[in-house]
Amino acid sequence: MQNAEPVWSIVDAKGEEFCALSDRVWGMPELGFQETRSAAEHAAMLKREGFRVTTGIAGIPTAVVGEAGEGGPVIAILGEFDALPGLSQEAGVAEHRPTEPNGSGHACGHNLLGAGAMLAAAAVKDWLAANGIKGRVRYYGCPAEENGAGKLFMVREGAFEDVDIALSWHPAPFTAVSRPVSLANVSMDFAFSGRASHAAAAPHLGRSALDAVELMNVGVNYMREHMPSDARIHYATLDAGGVAPNVVQAKARVRYIIRARELVELHPLIARVKKIAEGAALMTETTVTSKVLGGMSNLLGNKPLEQALYDNLQRLGPPQFDDADRKFAARIQATLREDDIVSAHRRFGLPVKKGAVLADVIPPLDAPAAPMMGSTDVGDVSWVVPTAQIRGATHAIGTPGHSWQITAQGKLPAAHKGMVHAAKVLAATAVEVLSDPALMAKAKADFHERTRDNP
Ligand SMILES: [Zn+2]
């Protein structure tokens with residue numbers, strides 16, 4: 001692909017500034033929907049780069065979009081910048097050392113994700129301008145991936161309506177094309193109310209909401225045997241009603257997350273969990289109300305786009321880490337268990353390589369990778385636009401997701417290299433789609449095929 005080299009030079013030339021953006025966002029970890037400073041940094045960078053900037057997308061103050069180019073197809077590159085609670089950590093040290101007790105930290109690497117995605121968009125912008133090509137590139141700064149599914153609201157508001165192709169990436173231990181597998185999920189609260197009474201003097205007058213929560217959990221645990229094997233259900237008691245055992249608890253509340261491989265499998269599961277809640281209320285003579293807090297769709301893959309990403313990855317080769325990068329990664333690995341390292345290889349379908357600390361291989365497109373059983377709000381975008389993603393190697397192999405070790409590695413030279421590398425793959429694939437109408441058509445045909453019977 002003759003356009004890859006020129007766009008890679010643009011990425012290289014801009015790399016340092018975007019690594020600095022990533023570092024600034026790392027230094028101001030903010031939780032979902034509260035990413036005011038991080039979103040402002042992203043908006044300012046977009047303006048400096050000459051993008052046309054819109055903020056407050058879908059009524060979310062921290063959602064920001066930058067567009068460049070004129071006419072033609074629209075390529076979206078998706079970024080994020082939210083942090084996680086309780087994962088504050090000093091950078092560049094291989095021991096758990098929070099910078100602030102209970103503070104937030106970039107333990108999923110979204111500082112890199114956002115800056116790297118914008119770097120790719122900025123390079124595509126310059127490439128379009130330099131070649132006088134009709135087409136637009138948009139950077140989508142999407143809030144609250146971790147706890148709020150920001151993209152879902154942006155999709156619902158039509159923010160992707162005129163987009164032809166969407167690309168994204170996520171920091172990881174290996175650089176690879178992402179498996180288009182994630183679970184659709186919904187998060188719901190069930191609130192029971194009963195009648196308080198003295199648990200010893202008048203137990204017959206009380207109706208326990210806490211009993212209802214316990215019975216509901218038992219019911220759902222029995223249901224597990226009779227649901228699809230890749231569905232997942234988790235719960236947490238938000239309110240046990242009180243702290244006094246000698247009171248019949250008049251109210252109690254439990255939060256459920258229900259996940260399934262496909263949206264069409266998720267809806268019947270939700271209905272069954274609701275029936276169990278009603279059954280628990282019936283058994284305890286309490287009442288129950290439920291409230292949906294949020295949800296995400298499963299990811300739809302896109303073969304032609306995944307192949308294009310893979311071809312560009314192959315052309316570029318794995319990120320070039322040096323001995324200093326490997327030395328620090330080895331110190332991080334010393335804080336992990338052997339299991340973590342083995343499972344990281346398995347997730348990418350790679351044989352376990354003894355002594356490997358940072359990725360130096362690209363897993364084949366058909367590597368027997370274990371599917372990702374989590375969820376992502378990129379899934380919602382993938383149902384309205386042909387979407388594909390890569391993982392970019394930015395941390396030691398085996399580093400668990402959402403751990404202090406990811407925060408610790410978030411602004412090291414290795415993380416910067418992995419981020420710039422990922423930006424090159426995204427930028428090269430975006431310019432390929434923009435200059436090859438046949439590829440664009442194939443990606444769209446694949447999308448229509450997947451959504452035809454199941455829109
Ligand atoms: Zn993440």
# chains A, B, ... in the order shown; residues from 1 in each chain; ligands from 1
call {"tool": "residues_around", "arguments": {"residues": "region 37-52 of chain A", "least_positions_apart": "5", "cutoff": "6 Å", "atoms": "only C-alpha atoms", "output": "PDB file with all heavy atoms, in the first residue's frame"}}
result
ATOM      1  N   VAL A  25      -2.927  13.728  30.334  1.00  0.00           N
ATOM      2  CA  VAL A  25      -4.191  13.093  30.728  1.00  0.00           C
ATOM      3  C   VAL A  25      -3.934  12.047  31.823  1.00  0.00           C
ATOM      4  O   VAL A  25      -4.711  11.906  32.765  1.00  0.00           O
ATOM      5  CB  VAL A  25      -4.907  12.494  29.488  1.00  0.00           C
ATOM      6  CG1 VAL A  25      -6.093  11.631  29.889  1.00  0.00           C
ATOM      7  CG2 VAL A  25      -5.373  13.625  28.561  1.00  0.00           C
ATOM      8  N   THR A  62     -18.515  16.194  28.343  1.00  0.00           N
ATOM      9  CA  THR A  62     -17.147  15.724  28.105  1.00  0.00           C
ATOM     10  C   THR A  62     -17.009  14.908  26.818  1.00  0.00           C
ATOM     11  O   THR A  62     -15.997  14.237  26.620  1.00  0.00           O
ATOM     12  CB  THR A  62     -16.644  14.895  29.311  1.00  0.00           C
ATOM     13  OG1 THR A  62     -17.610  13.885  29.610  1.00  0.00           O
ATOM     14  CG2 THR A  62     -16.442  15.775  30.535  1.00  0.00           C
ATOM     15  N   GLY A  66     -13.718  16.143  16.726  1.00  0.00           N
ATOM     16  CA  GLY A  66     -12.982  17.035  15.827  1.00  0.00           C
ATOM     17  C   GLY A  66     -13.073  16.491  14.418  1.00  0.00           C
ATOM     18  O   GLY A  66     -12.898  15.282  14.211  1.00  0.00           O
ATOM     19  N   GLU A  67     -13.369  17.359  13.451  1.00  0.00           N
ATOM     20  CA  GLU A  67     -13.480  16.907  12.061  1.00  0.00           C
ATOM     21  C   GLU A  67     -12.530  17.710  11.180  1.00  0.00           C
ATOM     22  O   GLU A  67     -12.315  18.894  11.409  1.00  0.00           O
ATOM     23  CB  GLU A  67     -14.922  17.099  11.564  1.00  0.00           C
ATOM     24  CG  GLU A  67     -15.138  16.509  10.172  1.00  0.00           C
ATOM     25  CD  GLU A  67     -16.492  16.882   9.562  1.00  0.00           C
ATOM     26  OE1 GLU A  67     -16.644  18.033   9.133  1.00  0.00           O
ATOM     27  OE2 GLU A  67     -17.368  16.014   9.515  1.00  0.00           O
ATOM     28  N   ALA A  68     -11.970  17.032  10.177  1.00  0.00           N
ATOM     29  CA  ALA A  68     -11.131  17.718   9.194  1.00  0.00           C
ATOM     30  C   ALA A  68     -11.412  17.128   7.824  1.00  0.00           C
ATOM     31  O   ALA A  68     -11.912  16.009   7.712  1.00  0.00           O
ATOM     32  CB  ALA A  68      -9.659  17.557   9.555  1.00  0.00           C
TER      33      ALA A  68
END
call {"tool": "residues_near_ligand", "arguments": {"ligand": "ligand 1", "cutoff": "12 Å", "atoms": "only C-alpha atoms and all ligand atoms", "output": "PyMOL selection string"}}
result
chain A and resi 32+79-84+106-114+142-147+149+168-172+374-378+391-392+400-403+406-407
call {"tool": "write_last_selection", "arguments": {"atoms": "C-alpha atoms", "output": "PDB file, in the first residue's frame"}}
result
ATOM      1  CA  GLY A  32     -16.476   8.731  33.532  1.00  0.00           C
ATOM      2  CA  GLY A  79     -10.771   7.591  21.536  1.00  0.00           C
ATOM      3  CA  GLU A  80     -11.406   7.532  25.281  1.00  0.00           C
ATOM      4  CA  PHE A  81      -9.878   9.290  28.273  1.00  0.00           C
ATOM      5  CA  ASP A  82     -11.630   8.143  31.459  1.00  0.00           C
ATOM      6  CA  ALA A  83      -9.806   6.657  34.452  1.00  0.00           C
ATOM      7  CA  LEU A  84     -10.707   4.108  37.137  1.00  0.00           C
ATOM      8  CA  HIS A 106      -5.345   5.346  34.321  1.00  0.00           C
ATOM      9  CA  ALA A 107      -5.421   1.610  34.943  1.00  0.00           C
ATOM     10  CA  CYS A 108      -6.931   0.783  31.547  1.00  0.00           C
ATOM     11  CA  GLY A 109      -4.542   3.006  29.579  1.00  0.00           C
ATOM     12  CA  HIS A 110      -7.258   5.307  28.197  1.00  0.00           C
ATOM     13  CA  ASN A 111      -4.750   8.183  28.349  1.00  0.00           C
ATOM     14  CA  LEU A 112      -2.888   6.347  25.565  1.00  0.00           C
ATOM     15  CA  LEU A 113      -6.064   5.215  23.818  1.00  0.00           C
ATOM     16  CA  GLY A 114      -7.354   8.776  23.386  1.00  0.00           C
ATOM     17  CA  CYS A 142     -15.862   9.349  23.875  1.00  0.00           C
ATOM     18  CA  PRO A 143     -16.463   9.725  27.608  1.00  0.00           C
ATOM     19  CA  ALA A 144     -17.119   7.155  30.299  1.00  0.00           C
ATOM     20  CA  GLU A 145     -16.202   3.868  28.645  1.00  0.00           C
ATOM     21  CA  GLU A 146     -15.619   2.273  32.048  1.00  0.00           C
ATOM     22  CA  ASN A 147     -18.821   3.002  33.886  1.00  0.00           C
ATOM     23  CA  ALA A 149     -21.099   3.621  28.060  1.00  0.00           C
ATOM     24  CA  SER A 168     -10.215   2.146  17.242  1.00  0.00           C
ATOM     25  CA  TRP A 169      -7.604   0.478  19.406  1.00  0.00           C
ATOM     26  CA  HIS A 170      -6.949  -0.440  23.020  1.00  0.00           C
ATOM     27  CA  PRO A 171      -3.713  -0.740  25.030  1.00  0.00           C
ATOM     28  CA  ALA A 172      -2.779  -4.367  25.648  1.00  0.00           C
ATOM     29  CA  GLY A 374     -16.065  -8.512  28.946  1.00  0.00           C
ATOM     30  CA  SER A 375     -18.058  -5.751  27.319  1.00  0.00           C
ATOM     31  CA  THR A 376     -17.231  -2.500  25.546  1.00  0.00           C
ATOM     32  CA  ASP A 377     -19.333   0.391  24.301  1.00  0.00           C
ATOM     33  CA  VAL A 378     -17.501   0.174  20.968  1.00  0.00           C
ATOM     34  CA  ARG A 391      -4.850  -3.958  20.429  1.00  0.00           C
ATOM     35  CA  GLY A 392      -1.552  -2.152  20.833  1.00  0.00           C
ATOM     36  CA  PRO A 400      -3.741  -7.605  34.427  1.00  0.00           C
ATOM     37  CA  GLY A 401      -6.346  -5.145  33.112  1.00  0.00           C
ATOM     38  CA  HIS A 402      -7.468  -2.521  35.612  1.00  0.00           C
ATOM     39  CA  SER A 403      -4.401  -2.940  37.828  1.00  0.00           C
ATOM     40  CA  ILE A 406      -1.049  -0.589  34.104  1.00  0.00           C
ATOM     41  CA  THR A 407      -1.157   2.846  35.723  1.00  0.00           C
TER      42      THR A 407
END
call {"tool": "select_by_dssp", "arguments": {"residues": "region 81-325 of chain A", "states": "alpha helix (DSSP H)", "output": "PyMOL selection string"}}
result
chain A and resi 110-131+150-156+209-223+263-284+303-316+323-325
call {"tool": "residues_around", "arguments": {"residues": "region 416-422 of chain A", "least_positions_apart": "6", "cutoff": "6 Å", "atoms": "only C-alpha atoms", "output": "count of residues only"}}
result
5
call {"tool": "select_by_dssp", "arguments": {"residues": "region 284-441 of chain A", "states": "strand (DSSP E)", "output": "JSON, numbers by chain"}}
result
{"A": [287, 288, 289, 290, 291, 292, 293, 294, 295, 296, 387, 388, 389, 390, 391, 392, 393]}
call {"tool": "atom_distance", "arguments": {"atom1": "CA of Gln320 (chain A)", "atom2": "CA of Arg346 (chain A)"}}
result
22.4 Å
call {"tool": "residues_around", "arguments": {"residues": "Lys411 (chain A)", "least_positions_apart": "6", "cutoff": "8 Å", "atoms": "only C-alpha atoms", "output": "list in words"}}
result
Ser22, Asp23, Trp26, Ala91 and Gly92 of chain A
call {"tool": "write_last_selection", "arguments": {"atoms": "C-alpha atoms", "output": "PDB file, in the first residue's frame"}}
result
ATOM      1  CA  SER A  22      -1.252  11.221  26.827  1.00  0.00           C
ATOM      2  CA  ASP A  23       1.049  12.029  29.766  1.00  0.00           C
ATOM      3  CA  TRP A  26      -2.410  10.375  32.755  1.00  0.00           C
ATOM      4  CA  ALA A  91       4.546   6.136  37.296  1.00  0.00           C
ATOM      5  CA  GLY A  92       7.643   4.107  36.520  1.00  0.00           C
TER       6      GLY A  92
END
call {"tool": "closest_residue", "arguments": {"among": "A:Ala13, A:Val7, A:Leu282, A:Ala359", "to": "Asn312 (chain A)", "atoms": "only C-alpha atoms"}}
result
A:Val7
call {"tool": "residues_around", "arguments": {"residues": "Trp8 (chain A)", "least_positions_apart": "5", "cutoff": "8 Å", "atoms": "only C-alpha atoms", "output": "ChimeraX atom specification"}}
result
/A:123,424,427-428
call {"tool": "write_last_selection", "arguments": {"atoms": "N, CA, C and O atoms", "output": "tab-separated table (two decimals), in the first residue's frame"}}
result
chain	number	residue	atom	x	y	z
A	123	ALA	N	-2.89	12.54	11.61
A	123	ALA	CA	-2.05	12.15	10.48
A	123	ALA	C	-2.90	11.98	9.22
A	123	ALA	O	-2.50	12.41	8.12
A	424	LYS	N	-0.08	4.38	13.86
A	424	LYS	CA	0.35	4.13	12.47
A	424	LYS	C	-0.56	3.11	11.78
A	424	LYS	O	-0.91	3.28	10.61
A	427	ALA	N	-3.94	4.82	11.13
A	427	ALA	CA	-3.85	5.86	10.10
A	427	ALA	C	-3.68	5.23	8.72
A	427	ALA	O	-4.33	5.63	7.75
A	428	ALA	N	-2.81	4.21	8.62
A	428	ALA	CA	-2.58	3.56	7.33
A	428	ALA	C	-3.85	2.88	6.84
A	428	ALA	O	-4.18	2.92	5.64
call {"tool": "residues_around", "arguments": {"residues": "region 305-311 of chain A", "least_positions_apart": "4", "cutoff": "7 Å", "atoms": "only C-alpha atoms", "output": "NGL selection string"}}
result
:A and (177 or 315 or 365 or 388 or 425 or 429 or 443)
call {"tool": "write_last_selection", "arguments": {"atoms": "N, CA, C and O atoms", "output": "tab-separated table (two decimals), in the first residue's frame"}}
result
chain	number	residue	atom	x	y	z
A	177	VAL	N	-4.86	-7.65	15.81
A	177	VAL	CA	-6.22	-7.25	15.44
A	177	VAL	C	-7.16	-7.78	16.53
A	177	VAL	O	-7.03	-8.92	16.96
A	315	ARG	N	2.92	-5.18	7.60
A	315	ARG	CA	3.86	-4.29	6.92
A	315	ARG	C	4.74	-3.57	7.91
A	315	ARG	O	5.93	-3.38	7.69
A	365	LEU	N	-3.99	-13.59	12.24
A	365	LEU	CA	-5.40	-13.20	12.29
A	365	LEU	C	-6.28	-14.36	12.78
A	365	LEU	O	-7.29	-14.15	13.44
A	388	ALA	N	-13.81	-1.78	13.22
A	388	ALA	CA	-12.78	-2.76	13.56
A	388	ALA	C	-11.76	-2.10	14.47
A	388	ALA	O	-11.60	-0.88	14.47
A	425	VAL	N	-0.91	2.06	12.51
A	425	VAL	CA	-1.76	1.02	11.91
A	425	VAL	C	-3.14	1.60	11.59
A	425	VAL	O	-3.69	1.37	10.50
A	429	THR	N	-4.61	2.29	7.76
A	429	THR	CA	-5.84	1.61	7.36
A	429	THR	C	-6.90	2.64	6.94
A	429	THR	O	-7.61	2.43	5.96
A	443	ALA	N	-16.32	-3.59	3.10
A	443	ALA	CA	-16.58	-3.42	4.54
A	443	ALA	C	-18.07	-3.18	4.77
A	443	ALA	O	-18.67	-3.71	5.71
call {"tool": "residues_around", "arguments": {"residues": "Val385 (chain A)", "least_positions_apart": "4", "cutoff": "12 Å", "atoms": "only C-alpha atoms", "output": "ChimeraX atom specification"}}
result
/A:74-77,155,158-167,299-302,305,378-381,440,443-448,450-451
call {"tool": "atom_distance", "arguments": {"atom1": "CA of Arg207 (chain A)", "atom2": "CA of Asn246 (chain A)"}}
result
13.1 Å
call {"tool": "decode", "arguments": {"residues": "region 323-341 of chain A", "atoms": "N, CA, C and O atoms", "output": "PDB file, in the first residue's frame"}}
result
ATOM      1  N   ASP A 323      16.197  -2.511  25.248  1.00  0.00           N
ATOM      2  CA  ASP A 323      16.565  -3.229  26.471  1.00  0.00           C
ATOM      3  C   ASP A 323      16.061  -2.538  27.737  1.00  0.00           C
ATOM      4  O   ASP A 323      15.661  -3.207  28.688  1.00  0.00           O
ATOM      5  N   ALA A 324      16.064  -1.205  27.723  1.00  0.00           N
ATOM      6  CA  ALA A 324      15.572  -0.471  28.900  1.00  0.00           C
ATOM      7  C   ALA A 324      14.075  -0.752  29.096  1.00  0.00           C
ATOM      8  O   ALA A 324      13.619  -0.956  30.226  1.00  0.00           O
ATOM      9  N   ASP A 325      13.324  -0.780  27.989  1.00  0.00           N
ATOM     10  CA  ASP A 325      11.887  -1.088  28.076  1.00  0.00           C
ATOM     11  C   ASP A 325      11.691  -2.486  28.664  1.00  0.00           C
ATOM     12  O   ASP A 325      10.850  -2.710  29.537  1.00  0.00           O
ATOM     13  N   ARG A 326      12.485  -3.437  28.138  1.00  0.00           N
ATOM     14  CA  ARG A 326      12.331  -4.835  28.582  1.00  0.00           C
ATOM     15  C   ARG A 326      12.739  -4.995  30.041  1.00  0.00           C
ATOM     16  O   ARG A 326      12.136  -5.757  30.778  1.00  0.00           O
ATOM     17  N   LYS A 327      13.754  -4.232  30.459  1.00  0.00           N
ATOM     18  CA  LYS A 327      14.241  -4.337  31.834  1.00  0.00           C
ATOM     19  C   LYS A 327      13.144  -3.922  32.815  1.00  0.00           C
ATOM     20  O   LYS A 327      12.900  -4.602  33.805  1.00  0.00           O
ATOM     21  N   PHE A 328      12.476  -2.815  32.516  1.00  0.00           N
ATOM     22  CA  PHE A 328      11.426  -2.382  33.435  1.00  0.00           C
ATOM     23  C   PHE A 328      10.227  -3.333  33.371  1.00  0.00           C
ATOM     24  O   PHE A 328       9.635  -3.673  34.397  1.00  0.00           O
ATOM     25  N   ALA A 329       9.897  -3.788  32.170  1.00  0.00           N
ATOM     26  CA  ALA A 329       8.767  -4.719  32.023  1.00  0.00           C
ATOM     27  C   ALA A 329       9.028  -5.992  32.838  1.00  0.00           C
ATOM     28  O   ALA A 329       8.101  -6.566  33.430  1.00  0.00           O
ATOM     29  N   ALA A 330      10.286  -6.421  32.884  1.00  0.00           N
ATOM     30  CA  ALA A 330      10.622  -7.622  33.668  1.00  0.00           C
ATOM     31  C   ALA A 330      10.382  -7.372  35.153  1.00  0.00           C
ATOM     32  O   ALA A 330       9.923  -8.259  35.882  1.00  0.00           O
ATOM     33  N   ARG A 331      10.648  -6.146  35.588  1.00  0.00           N
ATOM     34  CA  ARG A 331      10.408  -5.827  37.004  1.00  0.00           C
ATOM     35  C   ARG A 331       8.899  -5.829  37.296  1.00  0.00           C
ATOM     36  O   ARG A 331       8.468  -6.251  38.368  1.00  0.00           O
ATOM     37  N   ILE A 332       8.109  -5.367  36.347  1.00  0.00           N
ATOM     38  CA  ILE A 332       6.644  -5.439  36.514  1.00  0.00           C
ATOM     39  C   ILE A 332       6.211  -6.900  36.544  1.00  0.00           C
ATOM     40  O   ILE A 332       5.412  -7.320  37.389  1.00  0.00           O
ATOM     41  N   GLN A 333       6.774  -7.695  35.633  1.00  0.00           N
ATOM     42  CA  GLN A 333       6.396  -9.131  35.610  1.00  0.00           C
ATOM     43  C   GLN A 333       6.721  -9.821  36.931  1.00  0.00           C
ATOM     44  O   GLN A 333       6.017 -10.752  37.325  1.00  0.00           O
ATOM     45  N   ALA A 334       7.760  -9.348  37.611  1.00  0.00           N
ATOM     46  CA  ALA A 334       8.120  -9.951  38.897  1.00  0.00           C
ATOM     47  C   ALA A 334       7.017  -9.735  39.941  1.00  0.00           C
ATOM     48  O   ALA A 334       6.971 -10.434  40.949  1.00  0.00           O
ATOM     49  N   THR A 335       6.122  -8.780  39.703  1.00  0.00           N
ATOM     50  CA  THR A 335       5.015  -8.545  40.651  1.00  0.00           C
ATOM     51  C   THR A 335       3.781  -9.388  40.276  1.00  0.00           C
ATOM     52  O   THR A 335       2.760  -9.321  40.948  1.00  0.00           O
ATOM     53  N   LEU A 336       3.853 -10.130  39.162  1.00  0.00           N
ATOM     54  CA  LEU A 336       2.707 -10.897  38.672  1.00  0.00           C
ATOM     55  C   LEU A 336       2.865 -12.372  39.007  1.00  0.00           C
ATOM     56  O   LEU A 336       3.934 -12.815  39.423  1.00  0.00           O
ATOM     57  N   ARG A 337       1.797 -13.116  38.781  1.00  0.00           N
ATOM     58  CA  ARG A 337       1.870 -14.563  38.929  1.00  0.00           C
ATOM     59  C   ARG A 337       2.099 -15.176  37.552  1.00  0.00           C
ATOM     60  O   ARG A 337       1.743 -14.596  36.528  1.00  0.00           O
ATOM     61  N   GLU A 338       2.677 -16.363  37.557  1.00  0.00           N
ATOM     62  CA  GLU A 338       2.925 -17.085  36.305  1.00  0.00           C
ATOM     63  C   GLU A 338       1.621 -17.207  35.488  1.00  0.00           C
ATOM     64  O   GLU A 338       1.619 -17.056  34.263  1.00  0.00           O
ATOM     65  N   ASP A 339       0.531 -17.456  36.213  1.00  0.00           N
ATOM     66  CA  ASP A 339      -0.807 -17.574  35.590  1.00  0.00           C
ATOM     67  C   ASP A 339      -1.158 -16.383  34.714  1.00  0.00           C
ATOM     68  O   ASP A 339      -1.769 -16.523  33.650  1.00  0.00           O
ATOM     69  N   ASP A 340      -0.827 -15.181  35.228  1.00  0.00           N
ATOM     70  CA  ASP A 340      -1.147 -13.951  34.492  1.00  0.00           C
ATOM     71  C   ASP A 340      -0.451 -13.964  33.132  1.00  0.00           C
ATOM     72  O   ASP A 340      -1.039 -13.587  32.115  1.00  0.00           O
ATOM     73  N   ILE A 341       0.800 -14.398  33.141  1.00  0.00           N
ATOM     74  CA  ILE A 341       1.612 -14.371  31.914  1.00  0.00           C
ATOM     75  C   ILE A 341       1.112 -15.432  30.929  1.00  0.00           C
ATOM     76  O   ILE A 341       0.950 -15.167  29.737  1.00  0.00           O
TER      77      ILE A 341
END
